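Raw target-v7.txt, compact mmCIF, C-alpha atoms and all ligand atoms:
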# COMPACT_ATOMS: atom_id res chain seq x y z
CA MET A 1 45.46 -114.72 -5.36
CA ALA A 2 45.88 -111.10 -6.24
CA LEU A 3 44.26 -109.89 -9.44
CA ALA A 4 47.54 -108.59 -10.80
CA ASP A 5 49.26 -111.96 -10.37
CA PHE A 6 46.38 -113.71 -12.08
CA ILE A 7 46.54 -111.35 -15.03
CA GLU A 8 50.28 -111.73 -15.27
CA GLN A 9 49.92 -115.50 -15.49
CA LEU A 10 47.27 -115.11 -18.19
CA ASP A 11 49.49 -112.82 -20.24
CA LYS A 12 52.43 -115.18 -20.00
CA LEU A 13 50.20 -118.03 -21.06
CA ALA A 14 48.92 -116.09 -24.04
CA ALA A 15 52.45 -115.24 -25.13
CA SER A 16 53.82 -118.78 -24.85
CA ALA A 17 50.73 -120.36 -26.49
CA THR A 18 50.86 -117.93 -29.40
CA ALA A 19 54.59 -118.54 -29.79
CA ALA A 20 54.10 -122.31 -29.77
CA PHE A 21 51.32 -122.18 -32.38
CA ASP A 22 53.37 -119.87 -34.57
CA ALA A 23 56.39 -122.15 -34.29
CA ALA A 24 54.51 -125.33 -35.28
CA GLY A 25 55.84 -126.38 -38.68
CA GLU A 26 53.38 -129.22 -39.35
CA THR A 27 49.91 -130.38 -38.31
CA ALA A 28 51.16 -132.95 -35.79
CA ALA A 29 53.26 -130.34 -33.94
CA LEU A 30 50.32 -127.92 -33.92
CA GLU A 31 48.11 -130.62 -32.45
CA GLU A 32 50.69 -131.25 -29.73
CA ALA A 33 50.75 -127.53 -28.90
CA ARG A 34 46.96 -127.42 -28.88
CA VAL A 35 46.81 -130.22 -26.30
CA GLU A 36 49.50 -128.51 -24.24
CA PHE A 37 47.67 -125.17 -24.05
CA LEU A 38 44.01 -125.73 -24.89
CA GLY A 39 43.61 -129.40 -23.81
CA ALA A 40 40.25 -129.82 -22.08
CA LYS A 41 41.70 -131.65 -19.07
CA LYS A 42 45.39 -130.94 -18.64
CA GLY A 43 45.85 -127.88 -20.83
CA GLN A 44 47.70 -124.90 -19.37
CA PHE A 45 44.77 -122.61 -19.96
CA LYS A 46 42.58 -124.91 -17.90
CA ALA A 47 45.15 -124.83 -15.08
CA VAL A 48 45.15 -121.03 -14.93
CA GLN A 49 41.38 -120.92 -15.23
CA LYS A 50 41.09 -123.06 -12.10
CA LYS A 51 43.02 -120.45 -10.14
CA MET A 52 40.32 -117.89 -10.70
CA GLY A 53 38.53 -119.32 -7.67
CA SER A 54 41.26 -117.96 -5.43
CA VAL A 55 40.96 -114.38 -6.74
CA GLU A 56 39.17 -111.99 -4.33
CA PRO A 57 35.43 -112.20 -5.00
CA GLY A 58 35.23 -108.47 -5.66
CA GLU A 59 37.92 -108.71 -8.33
CA ARG A 60 36.58 -111.81 -10.03
CA PRO A 61 34.49 -110.05 -12.69
CA GLN A 62 37.61 -108.29 -13.92
CA ALA A 63 39.60 -111.54 -13.76
CA GLY A 64 36.89 -113.33 -15.72
CA LYS A 65 36.82 -110.64 -18.38
CA ARG A 66 40.56 -110.91 -18.90
CA LEU A 67 40.34 -114.72 -18.88
CA ASN A 68 37.85 -114.65 -21.77
CA GLU A 69 39.96 -112.19 -23.74
CA VAL A 70 43.05 -114.37 -23.39
CA LYS A 71 41.10 -117.46 -24.32
CA MET A 72 39.93 -115.83 -27.52
CA GLN A 73 43.42 -114.62 -28.26
CA ILE A 74 44.88 -118.14 -27.89
CA GLU A 75 42.11 -119.70 -29.98
CA GLN A 76 42.60 -117.18 -32.72
CA ALA A 77 46.33 -117.91 -32.75
CA PHE A 78 45.51 -121.60 -33.08
CA VAL A 79 43.10 -121.05 -35.98
CA ALA A 80 45.64 -118.81 -37.71
CA ALA A 81 48.30 -121.53 -37.39
CA GLN A 82 45.83 -124.10 -38.75
CA GLU A 83 45.15 -121.94 -41.75
CA ARG A 84 48.84 -121.36 -42.31
CA LEU A 85 49.39 -125.15 -42.37
CA GLY A 86 46.46 -125.63 -44.71
CA SER A 87 44.42 -127.65 -42.21
CA GLN A 88 40.85 -128.14 -43.31
CA GLY A 89 37.49 -128.97 -41.99
CA THR A 90 37.80 -128.26 -38.27
CA GLY A 91 35.42 -125.33 -38.63
CA GLY A 92 36.86 -123.73 -35.51
CA GLN A 93 36.72 -126.91 -33.46
CA LYS A 94 39.80 -127.95 -31.70
CA GLY A 95 41.33 -131.34 -32.11
CA GLY A 96 40.97 -134.48 -34.14
CA GLN A 97 43.23 -133.10 -36.86
CA LYS A 98 45.97 -135.61 -37.55
CA GLY A 99 47.93 -136.56 -40.66
CA PRO A 100 48.15 -134.60 -43.90
CA ALA A 101 45.57 -131.90 -44.34
CA LYS A 102 42.81 -132.61 -46.88
CA GLN A 103 41.83 -130.05 -49.45
CA PHE A 104 38.20 -129.72 -50.41
CA ASP A 105 37.80 -130.89 -54.00
CA ALA A 106 34.78 -129.19 -55.55
CA THR A 107 34.96 -131.45 -58.61
CA LEU A 108 34.20 -134.67 -56.70
CA PRO A 109 30.71 -136.09 -57.33
CA GLY A 110 28.29 -135.42 -54.48
CA SER A 111 26.67 -138.12 -52.38
CA CYS A 112 23.34 -139.14 -53.91
CA LEU A 113 20.02 -139.44 -52.14
CA ARG A 114 18.76 -143.00 -52.19
CA TRP A 115 15.25 -143.02 -53.63
CA GLY A 116 12.68 -145.26 -52.04
CA HIS A 117 10.14 -147.22 -54.03
CA LEU A 118 6.81 -148.97 -53.58
CA HIS A 119 6.71 -152.07 -51.39
CA PRO A 120 6.80 -155.30 -53.45
CA ILE A 121 3.24 -156.14 -52.36
CA THR A 122 2.02 -152.71 -53.50
CA GLN A 123 3.85 -153.21 -56.78
CA THR A 124 2.15 -156.60 -57.20
CA ILE A 125 -1.26 -155.08 -56.41
CA GLU A 126 -0.73 -152.41 -59.07
CA GLU A 127 0.28 -155.03 -61.61
CA LEU A 128 -2.72 -157.26 -60.82
CA LYS A 129 -5.06 -154.29 -61.20
CA GLY A 130 -3.50 -153.62 -64.59
CA ILE A 131 -3.96 -157.18 -65.82
CA MET A 132 -7.52 -157.51 -64.55
CA GLY A 133 -8.35 -154.03 -65.80
CA ARG A 134 -7.47 -155.13 -69.32
CA LEU A 135 -9.89 -158.05 -68.86
CA GLY A 136 -12.63 -155.52 -68.05
CA PHE A 137 -12.64 -155.74 -64.24
CA SER A 138 -12.87 -152.51 -62.26
CA VAL A 139 -11.59 -152.13 -58.71
CA ALA A 140 -13.93 -152.06 -55.70
CA ASP A 141 -12.94 -151.29 -52.14
CA GLY A 142 -14.31 -152.54 -48.84
CA PRO A 143 -13.64 -151.96 -45.14
CA GLU A 144 -11.13 -154.04 -43.19
CA ILE A 145 -13.36 -153.86 -40.10
CA GLU A 146 -16.47 -155.83 -40.93
CA ASP A 147 -19.71 -156.98 -39.40
CA GLU A 148 -20.66 -160.63 -39.18
CA ARG A 149 -23.25 -160.34 -41.91
CA HIS A 150 -20.72 -159.39 -44.57
CA ASN A 151 -17.92 -161.63 -43.32
CA PHE A 152 -20.13 -164.68 -42.77
CA GLU A 153 -23.91 -164.74 -43.02
CA ALA A 154 -24.46 -163.20 -46.43
CA LEU A 155 -21.68 -165.46 -47.69
CA ASN A 156 -23.75 -168.47 -46.66
CA ILE A 157 -21.61 -169.17 -43.60
CA PRO A 158 -24.19 -169.92 -40.90
CA LEU A 159 -23.74 -169.44 -37.18
CA GLU A 160 -22.70 -173.03 -36.53
CA HIS A 161 -19.97 -172.92 -39.17
CA PRO A 162 -16.48 -173.38 -37.64
CA ALA A 163 -15.26 -170.17 -39.31
CA ARG A 164 -17.56 -168.29 -36.96
CA ASP A 165 -15.68 -169.38 -33.85
CA PRO A 166 -14.66 -166.14 -32.13
CA LEU A 167 -11.35 -167.77 -31.19
CA ASP A 168 -10.62 -168.11 -34.88
CA ASN A 169 -11.20 -164.47 -35.66
CA PHE A 170 -10.08 -161.01 -34.61
CA TYR A 171 -13.20 -159.65 -32.92
CA LEU A 172 -13.07 -156.06 -31.70
CA PRO A 173 -14.12 -155.11 -28.16
CA VAL A 174 -16.69 -152.65 -29.59
CA VAL A 175 -19.99 -153.18 -31.34
CA GLY A 176 -21.15 -151.81 -34.66
CA ALA A 177 -23.83 -149.19 -35.27
CA GLY A 178 -26.60 -151.81 -35.25
CA GLY A 179 -25.25 -153.39 -32.04
CA GLY A 180 -23.66 -156.33 -33.84
CA ALA A 181 -20.14 -157.67 -33.37
CA LEU A 182 -17.28 -156.26 -35.42
CA LEU A 183 -14.15 -158.10 -36.56
CA LEU A 184 -11.16 -157.72 -38.84
CA ARG A 185 -12.28 -159.34 -42.09
CA SER A 186 -10.88 -162.82 -42.66
CA GLN A 187 -11.45 -162.70 -46.44
CA THR A 188 -12.06 -160.17 -49.19
CA SER A 189 -15.21 -162.09 -50.20
CA THR A 190 -16.98 -159.54 -47.99
CA VAL A 191 -16.62 -157.04 -50.84
CA GLN A 192 -18.67 -159.30 -53.16
CA ILE A 193 -21.63 -158.75 -50.86
CA ARG A 194 -21.04 -155.02 -50.46
CA VAL A 195 -20.86 -154.51 -54.22
CA MET A 196 -23.90 -156.68 -55.04
CA GLU A 197 -25.97 -154.99 -52.33
CA ASN A 198 -25.41 -151.64 -53.99
CA THR A 199 -25.23 -152.46 -57.68
CA PRO A 200 -27.61 -154.25 -60.04
CA PRO A 201 -26.05 -156.89 -62.34
CA PRO A 202 -24.02 -157.19 -64.55
CA ILE A 203 -20.95 -156.94 -62.31
CA ARG A 204 -17.30 -157.38 -63.06
CA ILE A 205 -15.04 -156.31 -60.20
CA ILE A 206 -11.90 -157.17 -58.34
CA SER A 207 -11.06 -156.09 -54.81
CA LEU A 208 -7.58 -156.16 -53.39
CA GLY A 209 -6.74 -155.67 -49.73
CA ARG A 210 -5.70 -156.93 -46.36
CA VAL A 211 -7.27 -159.84 -44.51
CA TYR A 212 -6.56 -161.11 -40.99
CA ARG A 213 -6.36 -164.61 -39.50
CA PRO A 214 -4.96 -165.81 -36.19
CA ASP A 215 -2.11 -167.72 -37.84
CA THR A 216 1.29 -168.12 -36.22
CA PRO A 217 3.90 -166.59 -38.52
CA ASP A 218 6.03 -169.11 -40.41
CA PRO A 219 7.54 -169.10 -43.92
CA THR A 220 4.11 -169.37 -45.57
CA HIS A 221 1.76 -167.85 -42.97
CA TYR A 222 1.28 -164.42 -41.48
CA PRO A 223 -1.66 -163.11 -39.42
CA MET A 224 -2.20 -160.38 -42.01
CA PHE A 225 -1.97 -160.92 -45.73
CA HIS A 226 -3.56 -159.69 -48.96
CA GLN A 227 -6.13 -161.21 -51.25
CA MET A 228 -7.45 -160.39 -54.67
CA GLU A 229 -11.14 -161.13 -54.89
CA GLY A 230 -12.86 -161.36 -58.26
CA LEU A 231 -16.57 -161.36 -59.03
CA LEU A 232 -18.37 -161.56 -62.35
CA ILE A 233 -22.17 -161.69 -62.51
CA ASP A 234 -24.11 -161.72 -65.78
CA ASN A 235 -26.47 -163.81 -67.88
CA ARG A 236 -25.31 -167.34 -68.68
CA VAL A 237 -21.90 -167.16 -66.97
CA THR A 238 -20.32 -170.61 -66.73
CA MET A 239 -17.28 -172.33 -65.25
CA ALA A 240 -15.68 -172.15 -68.67
CA ASP A 241 -15.65 -168.35 -68.28
CA LEU A 242 -14.07 -168.69 -64.85
CA LYS A 243 -11.35 -170.96 -66.18
CA SER A 244 -10.64 -168.69 -69.15
CA VAL A 245 -10.33 -165.61 -66.99
CA LEU A 246 -8.02 -167.32 -64.49
CA ARG A 247 -5.89 -168.78 -67.27
CA MET A 248 -5.56 -165.43 -69.00
CA PHE A 249 -4.71 -163.86 -65.68
CA ALA A 250 -2.07 -166.53 -64.90
CA THR A 251 -0.39 -166.29 -68.29
CA SER A 252 -0.32 -162.50 -68.11
CA TYR A 253 1.20 -162.52 -64.67
CA LEU A 254 3.59 -165.48 -64.83
CA GLY A 255 4.24 -166.07 -68.53
CA SER A 256 2.90 -168.07 -71.46
CA ASP A 257 4.13 -171.44 -70.20
CA VAL A 258 1.66 -171.44 -67.28
CA HIS A 259 -1.05 -174.09 -67.01
CA ILE A 260 -4.06 -174.00 -64.78
CA ARG A 261 -5.90 -176.81 -63.03
CA PHE A 262 -9.10 -176.98 -60.95
CA ARG A 263 -9.47 -179.37 -58.01
CA PRO A 264 -12.87 -179.95 -56.39
CA SER A 265 -13.23 -178.10 -53.10
CA PHE A 266 -15.79 -176.53 -50.81
CA PHE A 267 -16.59 -172.94 -49.98
CA PRO A 268 -19.97 -172.02 -48.49
CA PHE A 269 -20.46 -169.17 -50.98
CA THR A 270 -19.75 -171.08 -54.19
CA GLU A 271 -21.33 -174.17 -55.75
CA PRO A 272 -19.46 -175.92 -57.26
CA SER A 273 -16.21 -174.81 -55.61
CA VAL A 274 -12.65 -175.41 -56.75
CA GLU A 275 -9.09 -174.80 -55.73
CA ALA A 276 -7.17 -173.17 -58.55
CA ASP A 277 -3.60 -174.36 -59.14
CA PHE A 278 -1.10 -172.83 -61.55
CA SER A 279 1.71 -174.88 -62.97
CA TRP A 280 4.91 -172.97 -63.37
CA ASN A 281 8.46 -174.27 -63.76
CA ASP A 282 7.14 -177.86 -63.55
CA GLN A 283 5.42 -177.30 -60.22
CA TRP A 284 1.73 -177.09 -59.32
CA ILE A 285 1.05 -174.32 -56.85
CA GLU A 286 -2.27 -173.51 -55.24
CA PHE A 287 -3.13 -169.87 -55.66
CA GLY A 288 -6.61 -169.68 -54.20
CA GLY A 289 -10.22 -170.71 -54.30
CA ALA A 290 -12.94 -170.11 -56.86
CA GLY A 291 -16.34 -171.29 -57.97
CA MET A 292 -19.79 -170.40 -59.23
CA VAL A 293 -21.56 -168.00 -56.87
CA ASP A 294 -24.00 -169.97 -54.69
CA PRO A 295 -27.68 -169.19 -55.44
CA ASN A 296 -28.18 -168.53 -51.70
CA VAL A 297 -25.68 -165.68 -51.92
CA LEU A 298 -27.38 -164.22 -55.00
CA GLN A 299 -30.73 -164.38 -53.23
CA GLU A 300 -29.31 -162.80 -50.08
CA VAL A 301 -28.38 -159.64 -52.00
CA GLY A 302 -31.69 -159.54 -53.85
CA TYR A 303 -30.61 -161.04 -57.17
CA ASP A 304 -32.69 -163.67 -58.97
CA PRO A 305 -30.60 -166.87 -59.39
CA GLU A 306 -32.89 -167.84 -62.28
CA GLN A 307 -31.87 -164.69 -64.14
CA VAL A 308 -28.17 -164.28 -63.38
CA THR A 309 -25.23 -166.48 -62.59
CA GLY A 310 -21.65 -165.65 -61.81
CA PHE A 311 -18.25 -166.78 -60.72
CA ALA A 312 -15.95 -165.61 -57.96
CA PHE A 313 -12.39 -166.23 -56.97
CA GLY A 314 -9.99 -165.27 -54.17
CA LEU A 315 -6.24 -165.40 -54.70
CA GLY A 316 -3.40 -164.84 -52.22
CA ILE A 317 -1.36 -161.82 -53.33
CA GLU A 318 1.71 -162.67 -51.22
CA ARG A 319 1.94 -166.04 -52.94
CA LEU A 320 1.86 -164.44 -56.37
CA CYS A 321 4.48 -161.89 -55.39
CA MET A 322 6.74 -164.47 -53.69
CA ARG A 323 6.52 -166.85 -56.64
CA ARG A 324 7.46 -164.10 -59.08
CA HIS A 325 10.44 -162.87 -57.07
CA ASN A 326 11.54 -166.21 -55.61
CA ILE A 327 10.93 -165.01 -52.06
CA THR A 328 10.94 -168.03 -49.77
CA ASP A 329 9.63 -166.58 -46.52
CA ILE A 330 6.57 -164.32 -46.22
CA ARG A 331 7.98 -162.76 -43.05
CA TYR A 332 10.67 -160.96 -45.04
CA LEU A 333 7.93 -158.87 -46.64
CA TYR A 334 6.89 -157.41 -43.30
CA LYS A 335 10.17 -156.93 -41.45
CA ASN A 336 10.62 -153.51 -43.05
CA ASP A 337 14.30 -154.19 -43.63
CA VAL A 338 15.25 -151.88 -46.49
CA ARG A 339 18.23 -154.10 -47.40
CA PHE A 340 15.65 -156.72 -48.38
CA LEU A 341 12.97 -154.44 -49.80
CA HIS A 342 15.45 -152.44 -51.86
CA GLN A 343 15.97 -155.43 -54.17
CA PHE A 344 12.52 -155.28 -55.75
N1 LIG B 1 -12.54 -166.40 -49.40
C1 LIG B 1 -11.81 -167.61 -49.60
C2 LIG B 1 -10.71 -167.73 -48.60
O1 LIG B 1 -10.32 -166.74 -48.07
C3 LIG B 1 -11.23 -167.68 -50.99
C4 LIG B 1 -12.29 -167.77 -52.03
C5 LIG B 1 -12.77 -168.99 -52.42
C6 LIG B 1 -12.84 -166.65 -52.58
C7 LIG B 1 -13.74 -169.12 -53.38
C8 LIG B 1 -13.83 -166.75 -53.56
C9 LIG B 1 -14.27 -168.00 -53.93
O2 LIG B 1 -14.39 -165.70 -54.13
O3 LIG B 1 -15.22 -168.10 -54.89
O4 LIG B 1 -10.21 -168.79 -48.35

Would you mind writing the file out in structure tokens?
Amino acid sequence: MALADFIEQLDKLAASATAAFDAAGETAALEEARVEFLGAKKGQFKAVQKKMGSVEPGERPQAGKRLNEVKMQIEQAFVAAQERLGSQGTGGQKGGQKGPAKQFDATLPGSCLRWGHLHPITQTIEELKGIMGRLGFSVADGPEIEDERHNFEALNIPLEHPARDPLDNFYLPVVGAGGGALLLRSQTSTVQIRVMENTPPPIRIISLGRVYRPDTPDPTHYPMFHQMEGLLIDNRVTMADLKSVLRMFATSYLGSDVHIRFRPSFFPFTEPSVEADFSWNDQWIEFGGAGMVDPNVLQEVGYDPEQVTGFAFGLGIERLCMRRHNITDIRYLYKNDVRFLHQF
């Protein structure tokens, strides 16, 4: 195709497109004209553009230049028509504009950011720290990756104890600094040992954190959960002190109508050992284990069991949180579904 013919077609196109846009009396008619001339597939501009391939190669740069000029001219005519009809919000894009044009209303309220908040378990941990802090307990921290001495031996759990079965624990494929095995701690009782090793009595601490057990997830089990460990060591500490502290804790956390009950139990690191139940809304619920620290444990960390005694307890934090908020399935806490978490 000769360059002159090509340019003539372009000029005609520009004239008829501009005329059509100018003539459009409403948004729907303008949209129709836009499709007719600027439509991406069947628009007239597209049709002429395709013919550029048949222009002599030497003349193509000139053809292309004119093509771009005409394109701009048509687009400008379209934008001008849009503005004349009061169309809004296309920002120079073509298309999608149907129905009555919307005006921007600067007085409408803006869309708000949705603030996040702490996870319900973190909220519970903060609250438990507050309650126990008022009872004089300070917070101690311990590692989640432990050696066997702190997770078992020093807690009076000998090698032949079933809790030592590697299949029952998350052992890591690396060894510790001293060459011993490492595992994810299965209880926060490890922190009792770490604190007593480094601090002379008296001691009054809690430790809150994650523990790991190879449990299959179900409504009340999860392979990772949180415990609050408590330890009090002093002269002449008795079970009466243990019961008072746990009752004060339970009434602070759940309300004044809470009762507490001890059932005999066994833990290698306490003697005697109990399960602690709280009664709330006419139901007894087990919240964890407790007892008087076993003399073997005191000796292991270099304390004299003739001089000091103490109590310890370990409570499940998920249980406390779920009871408070009426959450019926522990798995909800760890699905990270904000529709669920947002409620707390
Ligand atoms: N460590 C125990 C467990 O995970 C709970 C526990 C029981 C902790 C008795 C204690 C305790 O401190 O005295 O099942």

Item to check | Polymer residues at most 10 Å from Ala23 of chain A, all atoms listed in the file, same-chain spacing of 6 or more positions, as an MDAnalysis selection string | outcome: chainID A and resid 17 29:30 33 81

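Across the model, the gap from atom CA of Ala140 of chain A to atom CA of Val195 of chain A is 7.5 Å.
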
Each residue of chain A with at least one atom at most 10 Å from ligand LIG 1 (chain B) should appear once, together with its nearest atom pair and the corresponding distance in Å (one decimal); atoms considered: all atoms listed in the file; ordering: chain, then increasing residue number; output as CSV.
residue,atom,partner,partner_atom,distance
A:Asn151,CA,B:LIG1,N1,9.4
A:Leu155,CA,B:LIG1,N1,9.3
A:Arg185,CA,B:LIG1,O1,9.7
A:Ser186,CA,B:LIG1,O1,6.7
A:Gln187,CA,B:LIG1,O1,4.5
A:Thr188,CA,B:LIG1,N1,6.3
A:Ser189,CA,B:LIG1,N1,5.1
A:Thr190,CA,B:LIG1,N1,8.3
A:Val191,CA,B:LIG1,O2,9.5
A:Gln192,CA,B:LIG1,O2,7.8
A:Ile206,CA,B:LIG1,O2,9.8
A:Val211,CA,B:LIG1,O1,8.3
A:Tyr212,CA,B:LIG1,O1,9.8
A:Arg213,CA,B:LIG1,O1,9.7
A:His226,CA,B:LIG1,O1,9.8
A:Gln227,CA,B:LIG1,O1,7.6
A:Met228,CA,B:LIG1,C6,8.5
A:Glu229,CA,B:LIG1,O2,5.7
A:Gly230,CA,B:LIG1,O2,6.2
A:Leu231,CA,B:LIG1,O2,6.9
A:Ser265,CA,B:LIG1,C7,9.0
A:Phe266,CA,B:LIG1,C7,8.1
A:Phe267,CA,B:LIG1,C7,5.9
A:Pro268,CA,B:LIG1,C7,8.4
A:Phe269,CA,B:LIG1,O3,6.6
A:Thr270,CA,B:LIG1,O3,5.5
A:Glu271,CA,B:LIG1,O3,8.7
A:Pro272,CA,B:LIG1,O3,9.2
A:Ser273,CA,B:LIG1,C7,6.6
A:Val274,CA,B:LIG1,C7,7.2
A:Glu275,CA,B:LIG1,C5,7.6
A:Ala276,CA,B:LIG1,C7,9.3
A:Phe287,CA,B:LIG1,C3,9.6
A:Gly288,CA,B:LIG1,C3,6.0
A:Gly289,CA,B:LIG1,C5,3.6
A:Ala290,CA,B:LIG1,O3,3.6
A:Gly291,CA,B:LIG1,O3,4.6
A:Met292,CA,B:LIG1,O3,6.7
A:Val293,CA,B:LIG1,O3,6.6
A:Asp294,CA,B:LIG1,O3,9.0
A:Gly310,CA,B:LIG1,O3,9.8
A:Phe311,CA,B:LIG1,O3,6.7
A:Ala312,CA,B:LIG1,O3,4.0
A:Phe313,CA,B:LIG1,O2,3.5
A:Gly314,CA,B:LIG1,C6,3.5
A:Leu315,CA,B:LIG1,C3,6.6
A:Gly316,CA,B:LIG1,O1,8.3

Checklist entry - Within 10 Å of segment 243-252 of chain A, counting only C-alpha atoms, which residues qualify if same-chain residues fewer than 2 places away don't, as a ChimeraX atom specification? => result /A:127-128,131-132,134-135,230,238-241,254-262,276-280,287,290-291,311,313,320

C-alpha atoms of the current selection, written as a PDB file, in the frame of the given file:
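Listing of selection-v8.pdb after writing:
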ATOM      1  CA  GLU A 127       0.280-155.030 -61.610  1.00  0.00           C
ATOM      2  CA  LEU A 128      -2.720-157.260 -60.820  1.00  0.00           C
ATOM      3  CA  ILE A 131      -3.960-157.180 -65.820  1.00  0.00           C
ATOM      4  CA  MET A 132      -7.520-157.510 -64.550  1.00  0.00           C
ATOM      5  CA  ARG A 134      -7.470-155.130 -69.320  1.00  0.00           C
ATOM      6  CA  LEU A 135      -9.890-158.050 -68.860  1.00  0.00           C
ATOM      7  CA  GLY A 230     -12.860-161.360 -58.260  1.00  0.00           C
ATOM      8  CA  THR A 238     -20.320-170.610 -66.730  1.00  0.00           C
ATOM      9  CA  MET A 239     -17.280-172.330 -65.250  1.00  0.00           C
ATOM     10  CA  ALA A 240     -15.680-172.150 -68.670  1.00  0.00           C
ATOM     11  CA  ASP A 241     -15.650-168.350 -68.280  1.00  0.00           C
ATOM     12  CA  LEU A 254       3.590-165.480 -64.830  1.00  0.00           C
ATOM     13  CA  GLY A 255       4.240-166.070 -68.530  1.00  0.00           C
ATOM     14  CA  SER A 256       2.900-168.070 -71.460  1.00  0.00           C
ATOM     15  CA  ASP A 257       4.130-171.440 -70.200  1.00  0.00           C
ATOM     16  CA  VAL A 258       1.660-171.440 -67.280  1.00  0.00           C
ATOM     17  CA  HIS A 259      -1.050-174.090 -67.010  1.00  0.00           C
ATOM     18  CA  ILE A 260      -4.060-174.000 -64.780  1.00  0.00           C
ATOM     19  CA  ARG A 261      -5.900-176.810 -63.030  1.00  0.00           C
ATOM     20  CA  PHE A 262      -9.100-176.980 -60.950  1.00  0.00           C
ATOM     21  CA  ALA A 276      -7.170-173.170 -58.550  1.00  0.00           C
ATOM     22  CA  ASP A 277      -3.600-174.360 -59.140  1.00  0.00           C
ATOM     23  CA  PHE A 278      -1.100-172.830 -61.550  1.00  0.00           C
ATOM     24  CA  SER A 279       1.710-174.880 -62.970  1.00  0.00           C
ATOM     25  CA  TRP A 280       4.910-172.970 -63.370  1.00  0.00           C
ATOM     26  CA  PHE A 287      -3.130-169.870 -55.660  1.00  0.00           C
ATOM     27  CA  ALA A 290     -12.940-170.110 -56.860  1.00  0.00           C
ATOM     28  CA  GLY A 291     -16.340-171.290 -57.970  1.00  0.00           C
ATOM     29  CA  PHE A 311     -18.250-166.780 -60.720  1.00  0.00           C
ATOM     30  CA  PHE A 313     -12.390-166.230 -56.970  1.00  0.00           C
ATOM     31  CA  LEU A 320       1.860-164.440 -56.370  1.00  0.00           C
TER      32      LEU A 320
END

Checklist entry - Counting only C-alpha atoms, what is within 6 Å of segment 49-58 of chain A, bar same-chain residues fewer than 3 positions away, as a ChimeraX atom specification? => result /A:1-2,46

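Look at everything within 8 Å of (-11.2, -152.3, -45.5) using all atoms listed in the file, and the residues you get are Asp141, Gly142, Pro143, Glu144, Ile145, Glu146, Arg185, Gly209 and Arg210 of chain A.
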
Next on the checklist: As an exercise, work out the distance from atom CA of Leu3 of chain A to atom CA of Gly64 of chain A in Å and give it to one decimal place.
Outcome noted: 10.3 Å

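Shortest atom-to-atom contact with Arg324 of chain A among A:Thr216, A:Gln283, A:Thr124, A:Ser138: A:Thr124, counting only C-alpha atoms.
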
Rebuild segment 161-172 of chain A to N, CA and C atoms - output it as a PDB file, in the coordinates of the input, please.
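Printed below is result28.pdb as written:
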ATOM      1  N   HIS A 161     -21.153-172.606 -38.373  1.00  0.00           N
ATOM      2  CA  HIS A 161     -19.970-172.920 -39.170  1.00  0.00           C
ATOM      3  C   HIS A 161     -18.696-172.658 -38.360  1.00  0.00           C
ATOM      4  N   PRO A 162     -17.699-173.559 -38.455  1.00  0.00           N
ATOM      5  CA  PRO A 162     -16.480-173.380 -37.640  1.00  0.00           C
ATOM      6  C   PRO A 162     -15.789-172.038 -37.857  1.00  0.00           C
ATOM      7  N   ALA A 163     -15.923-171.452 -39.050  1.00  0.00           N
ATOM      8  CA  ALA A 163     -15.260-170.170 -39.310  1.00  0.00           C
ATOM      9  C   ALA A 163     -15.818-169.055 -38.443  1.00  0.00           C
ATOM     10  N   ARG A 164     -16.945-169.316 -37.797  1.00  0.00           N
ATOM     11  CA  ARG A 164     -17.560-168.290 -36.960  1.00  0.00           C
ATOM     12  C   ARG A 164     -16.992-168.293 -35.550  1.00  0.00           C
ATOM     13  N   ASP A 165     -16.204-169.292 -35.208  1.00  0.00           N
ATOM     14  CA  ASP A 165     -15.680-169.380 -33.850  1.00  0.00           C
ATOM     15  C   ASP A 165     -14.911-168.110 -33.508  1.00  0.00           C
ATOM     16  N   PRO A 166     -15.338-167.400 -32.468  1.00  0.00           N
ATOM     17  CA  PRO A 166     -14.660-166.140 -32.130  1.00  0.00           C
ATOM     18  C   PRO A 166     -13.161-166.330 -31.903  1.00  0.00           C
ATOM     19  N   LEU A 167     -12.777-167.534 -31.427  1.00  0.00           N
ATOM     20  CA  LEU A 167     -11.350-167.770 -31.190  1.00  0.00           C
ATOM     21  C   LEU A 167     -10.574-167.788 -32.497  1.00  0.00           C
ATOM     22  N   ASP A 168     -11.281-168.025 -33.588  1.00  0.00           N
ATOM     23  CA  ASP A 168     -10.620-168.110 -34.880  1.00  0.00           C
ATOM     24  C   ASP A 168     -10.572-166.764 -35.581  1.00  0.00           C
ATOM     25  N   ASN A 169     -11.095-165.746 -34.961  1.00  0.00           N
ATOM     26  CA  ASN A 169     -11.200-164.470 -35.660  1.00  0.00           C
ATOM     27  C   ASN A 169     -10.824-163.311 -34.754  1.00  0.00           C
ATOM     28  N   PHE A 170     -10.471-162.208 -35.372  1.00  0.00           N
ATOM     29  CA  PHE A 170     -10.080-161.010 -34.610  1.00  0.00           C
ATOM     30  C   PHE A 170     -11.317-160.152 -34.354  1.00  0.00           C
ATOM     31  N   TYR A 171     -12.042-160.472 -33.284  1.00  0.00           N
ATOM     32  CA  TYR A 171     -13.200-159.650 -32.920  1.00  0.00           C
ATOM     33  C   TYR A 171     -12.730-158.409 -32.180  1.00  0.00           C
ATOM     34  N   LEU A 172     -13.437-157.301 -32.394  1.00  0.00           N
ATOM     35  CA  LEU A 172     -13.070-156.060 -31.700  1.00  0.00           C
ATOM     36  C   LEU A 172     -13.908-155.939 -30.432  1.00  0.00           C
TER      37      LEU A 172
END
